[in-house]
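Scroll down for the structure; my scribbles are underneath it.
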Amino acid sequence: MASSINLLISPPNSQYSFCSRNSLFFSPSVTTFRRTLPSKSLSISASSSSTRALEALIFDCDGVILESEHLHRQAYNDAFSHFNVRCPSDVDEPLNWSLEFYDVLQNQIGGGKPKMRWYFKEHGWPTSTIFQHSPEDDNDRSKLIDTLQDWKTERYKEIIKSGTVEPRPGVLRLMDEAKAAVRYLPYNCSSYSAGKMLAVCSAATKSSVVLCLENLIGLDRFHGLDCFLAGDDVKEKKPDPSIYITAAKKLGVSESNCLVVEDSVIGLQAATGAGMSCVITYTSSTANQDFKEAIAVYPDLSDVRFNDLESLLQDVVVAK
């Protein structure tokens with residue numbers, strides 16, 4: 001009979017939807033505190049468990065590669081002003097999402113169109129230069145949201161192209177370290193391939209994510225990704241896990257051997273829902289969220305090395 005042991009898990013072109021084997025707020029100082037989650041106990045059978053090996057490192061984009069939420073809010077508000085969007089709850093001036101409100105909204109609803117649809121359902125469908133009267137049928141409401149989202153996306157691209165946006169600390173180095181690491185091929189410890197699998201999975205529209213990646217991580221790193229998926233590539237947005245499940249299939253690796261880097265509880269839920277472990281690099285707008293399901297939580301990635309992530313995943317023991 002197997003003995004039972006207790007283990008502690010320490011939190012310490014449409015062409016751009018591809019999968020290939022070819023082949024970033026503020027920056028805390030080294031002394032900045034690192035928040036540690038309480039350890040949680042997991043009782044398993046010693047004869048029916050296996051450790052996880054890091055084969056694929058998957059990054060979210062907004063909030064992880066770049067601190068982007070204030071840029072998205074600016075683009076939404078510019079779109080509302082451009083089309084003179086006025087909701088019944090406040091007809092005196094165009095809709096303007098405050099910083100405090102957007103922090104809550106973006107951490108509860110993923111994707112731009114779902115955000116607007118939820119808001120208009122709650123606060124009334126607006127008048128605008130798109131429709132003089134509030135749209136009443138589903139087709140007109142979809143047209144309104146599509147038009148606003150398209151204009152917002154183009155405005156967001158202009159902001160990214162301005163050259164004023166930088167990747168978050170540590171992201172580029174981690175990507176390079178992952179690609180430089182040795183990956184042993186499954187079931188053959190004597191065979192190996194240079195570089196771990198590297199992917200980006202974002203709920204945002206593909207065109208905006210492509211622009212961010214090309215401008216922030218560079219063309220070489222972008223085209224060196226083993227998999228890239230955007231919100232357009234799956235039916236359901238995060239926190240639904242489908243984008244991460246799809247990524248694992250495209251990469252040809254087990255979900256248990258993937259490690260996701262996210263910044264919010266929505267992304268965390270998507271990752272864990274897919275059976276993947278997740279580390280959090282929080283932002284100013286997500287710092288107070290409940291990340292108890294993450295295996296580690298960091299203010300940024302400046303002090304995090306790829307070897308650290310490998311060790312974290314190896315410490316996660318799963319029952320077969």
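Here's how to read the names in the structure tokens: chain A, B, ... by the order shown, residue numbers from 1 in each chain, ligand numbers from 1 in the order shown.
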
Query raised in the report: If you count only C-alpha atoms, which residues fall within 10 Å of range 225-233 of chain A, apart from same-chain ones fewer than 3 positions away, as a count of residues only?
Result: 48

Report task. For Leu148 in chain A, please output as a VMD selection string all residues within 12 Å (counting only C-alpha atoms; exclusion window: fewer than 5 positions along the same chain). Result -> chain A and resid 75 to 85 112 to 113 115 to 117 126 128 to 131 141 to 143 153 to 155

Query - For Gly273 in chain A: contacts at 12 Å, only C-alpha atoms, fewer than 4 positions along chain excluded, given as a ChimeraX atom specification - result: /A:238-245,255-256,260,265-269,277-278,293-294

Expected file: the selected residues, all heavy atoms, as a short mmCIF file (atom, residue, chain, number, x, y, z; two decimals), in the first residue's frame:
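File result.cif, as written:
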```cif
data_model
loop_
_atom_site.label_atom_id
_atom_site.label_comp_id
_atom_site.auth_asym_id
_atom_site.auth_seq_id
_atom_site.Cartn_x
_atom_site.Cartn_y
_atom_site.Cartn_z
N LYS A 238 -11.12 34.74 -22.21
CA LYS A 238 -10.76 34.47 -20.83
C LYS A 238 -11.81 35.11 -19.91
O LYS A 238 -12.32 36.19 -20.24
CB LYS A 238 -9.38 35.07 -20.50
CG LYS A 238 -8.24 34.56 -21.38
CD LYS A 238 -6.95 35.33 -21.06
CE LYS A 238 -5.83 34.96 -21.99
NZ LYS A 238 -4.58 35.71 -21.71
N PRO A 239 -12.22 34.48 -18.82
CA PRO A 239 -11.57 33.37 -18.12
C PRO A 239 -11.84 31.98 -18.67
O PRO A 239 -11.42 31.00 -18.06
CB PRO A 239 -12.13 33.50 -16.70
CG PRO A 239 -13.49 34.07 -16.90
CD PRO A 239 -13.34 35.04 -18.04
N ASP A 240 -12.56 31.87 -19.79
CA ASP A 240 -12.70 30.56 -20.40
C ASP A 240 -11.31 30.04 -20.77
O ASP A 240 -10.47 30.79 -21.30
CB ASP A 240 -13.57 30.67 -21.66
CG ASP A 240 -13.88 29.32 -22.27
OD1 ASP A 240 -13.06 28.80 -23.06
OD2 ASP A 240 -14.94 28.76 -21.94
N PRO A 241 -11.03 28.77 -20.54
CA PRO A 241 -9.67 28.24 -20.75
C PRO A 241 -9.34 27.86 -22.18
O PRO A 241 -8.23 27.39 -22.45
CB PRO A 241 -9.65 27.01 -19.85
CG PRO A 241 -11.07 26.53 -19.85
CD PRO A 241 -11.91 27.78 -19.88
N SER A 242 -10.27 28.04 -23.12
CA SER A 242 -10.09 27.48 -24.46
C SER A 242 -8.84 27.97 -25.17
O SER A 242 -8.22 27.22 -25.93
CB SER A 242 -11.33 27.75 -25.33
OG SER A 242 -11.63 29.12 -25.38
N ILE A 243 -8.43 29.24 -24.93
CA ILE A 243 -7.25 29.75 -25.64
C ILE A 243 -6.00 29.00 -25.20
O ILE A 243 -5.10 28.71 -26.03
CB ILE A 243 -7.09 31.27 -25.45
CG1 ILE A 243 -6.06 31.83 -26.46
CG2 ILE A 243 -6.70 31.62 -24.00
CD1 ILE A 243 -6.08 33.34 -26.54
N TYR A 244 -5.91 28.62 -23.94
CA TYR A 244 -4.75 27.89 -23.45
C TYR A 244 -4.81 26.41 -23.83
O TYR A 244 -3.78 25.79 -24.12
CB TYR A 244 -4.60 28.08 -21.95
CG TYR A 244 -4.12 29.46 -21.58
CD1 TYR A 244 -4.83 30.27 -20.69
CD2 TYR A 244 -2.95 29.97 -22.14
CE1 TYR A 244 -4.38 31.54 -20.37
CE2 TYR A 244 -2.50 31.24 -21.83
CZ TYR A 244 -3.22 32.02 -20.95
OH TYR A 244 -2.77 33.29 -20.65
N ILE A 245 -6.00 25.85 -23.83
CA ILE A 245 -6.15 24.47 -24.30
C ILE A 245 -5.75 24.36 -25.77
O ILE A 245 -5.04 23.43 -26.17
CB ILE A 245 -7.60 24.00 -24.09
CG1 ILE A 245 -7.93 23.94 -22.59
CG2 ILE A 245 -7.82 22.64 -24.74
CD1 ILE A 245 -9.39 23.65 -22.30
N GLU A 255 -0.80 20.01 -21.10
CA GLU A 255 -1.12 21.22 -20.34
C GLU A 255 -0.34 21.28 -19.03
O GLU A 255 0.04 22.36 -18.58
CB GLU A 255 -2.62 21.29 -20.04
CG GLU A 255 -3.50 21.57 -21.25
CD GLU A 255 -3.92 20.32 -22.00
OE1 GLU A 255 -3.32 19.25 -21.72
OE2 GLU A 255 -4.81 20.40 -22.86
N SER A 256 -0.07 20.13 -18.43
CA SER A 256 0.63 20.10 -17.15
C SER A 256 2.09 20.51 -17.27
O SER A 256 2.72 20.84 -16.26
CB SER A 256 0.53 18.69 -16.53
OG SER A 256 1.19 17.74 -17.35
N VAL A 260 2.12 29.38 -17.48
CA VAL A 260 1.54 30.61 -18.00
C VAL A 260 1.95 31.80 -17.13
O VAL A 260 2.00 31.69 -15.90
CB VAL A 260 0.00 30.52 -18.04
CG1 VAL A 260 -0.62 31.83 -18.50
CG2 VAL A 260 -0.44 29.37 -18.96
N VAL A 265 -6.66 38.00 -12.31
CA VAL A 265 -7.36 36.80 -11.89
C VAL A 265 -8.12 36.18 -13.06
O VAL A 265 -8.30 34.95 -13.10
CB VAL A 265 -8.30 37.11 -10.71
CG1 VAL A 265 -9.49 37.98 -11.15
CG2 VAL A 265 -8.78 35.83 -10.03
N ILE A 266 -8.55 36.99 -14.03
CA ILE A 266 -9.22 36.45 -15.21
C ILE A 266 -8.28 35.52 -15.97
O ILE A 266 -8.64 34.40 -16.36
CB ILE A 266 -9.74 37.57 -16.12
CG1 ILE A 266 -10.95 38.26 -15.50
CG2 ILE A 266 -10.08 37.05 -17.51
CD1 ILE A 266 -11.50 39.40 -16.34
N GLY A 267 -7.07 35.98 -16.20
CA GLY A 267 -6.09 35.15 -16.88
C GLY A 267 -5.70 33.94 -16.07
O GLY A 267 -5.49 32.85 -16.61
N LEU A 268 -5.57 34.12 -14.74
CA LEU A 268 -5.24 33.01 -13.85
C LEU A 268 -6.30 31.92 -13.94
O LEU A 268 -5.98 30.73 -14.02
CB LEU A 268 -5.11 33.53 -12.42
CG LEU A 268 -4.93 32.50 -11.30
CD1 LEU A 268 -3.65 31.68 -11.51
CD2 LEU A 268 -4.90 33.19 -9.94
N GLN A 269 -7.57 32.31 -13.94
CA GLN A 269 -8.65 31.34 -14.04
C GLN A 269 -8.62 30.60 -15.37
O GLN A 269 -8.88 29.40 -15.43
CB GLN A 269 -10.00 32.05 -13.85
CG GLN A 269 -10.25 32.54 -12.45
CD GLN A 269 -11.44 33.48 -12.35
OE1 GLN A 269 -12.01 33.90 -13.36
NE2 GLN A 269 -11.83 33.82 -11.12
N SER A 277 -0.22 25.41 -14.74
CA SER A 277 0.23 26.22 -13.62
C SER A 277 0.44 27.65 -14.11
O SER A 277 0.69 27.89 -15.29
CB SER A 277 1.54 25.67 -13.06
OG SER A 277 1.34 24.39 -12.50
N CYS A 278 0.36 28.60 -13.18
CA CYS A 278 0.41 30.01 -13.57
C CYS A 278 1.18 30.82 -12.53
O CYS A 278 1.02 30.61 -11.32
CB CYS A 278 -1.01 30.56 -13.70
SG CYS A 278 -1.12 32.29 -14.21
N GLU A 293 -4.51 30.81 -6.33
CA GLU A 293 -4.31 29.64 -7.19
C GLU A 293 -3.01 29.72 -7.98
O GLU A 293 -2.65 28.75 -8.66
CB GLU A 293 -5.49 29.49 -8.16
CG GLU A 293 -6.82 29.22 -7.48
CD GLU A 293 -6.79 27.96 -6.61
OE1 GLU A 293 -6.18 26.97 -7.05
OE2 GLU A 293 -7.35 27.99 -5.50
N ALA A 294 -2.30 30.84 -7.91
CA ALA A 294 -1.02 30.96 -8.61
C ALA A 294 0.08 30.27 -7.82
O ALA A 294 0.02 30.19 -6.59
CB ALA A 294 -0.67 32.42 -8.82
#
```

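The shortest atom-to-atom distance to Asn257 in chain A, with only C-alpha atoms taken into account, belongs to A:Gln314 out of A:Thr281, A:Gln314, A:Ser162, A:Thr286.
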
Requested in this report: For CA of Leu213 in chain A and CA of Leu99 in chain A, quote the distance in Å rounded to one decimal.
Outcome: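 Pair CA of Leu213 in chain A / CA of Leu99 in chain A returns 25.0 Å.
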
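For range 150-288 of chain A, backbone-based DSSP assignment of strand (DSSP E) covers A:Val182, A:Arg183, A:Tyr184, A:Tyr192, A:Ser193, A:Ala194, A:Met197, A:Leu198, A:Ala199, A:Val200, A:Cys201, A:Cys227, A:Phe228, A:Leu229, A:Cys258, A:Leu259, A:Val260, A:Val261, A:Glu262, A:Ser277, A:Cys278, A:Val279, A:Ile280, A:Thr281.
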
Query raised in the report: Between A:Asp137, A:Asp150, A:Glu67, A:Glu310, which is the closest to Trp125 in chain A once you count only C-alpha atoms?
Result: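 The closest residue to Trp125 in chain A is A:Asp137.
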
Report summary line: Correct to one decimal, the distance CA of Asp138 in chain A-CA of Lys121 in chain A is 11.9 Å
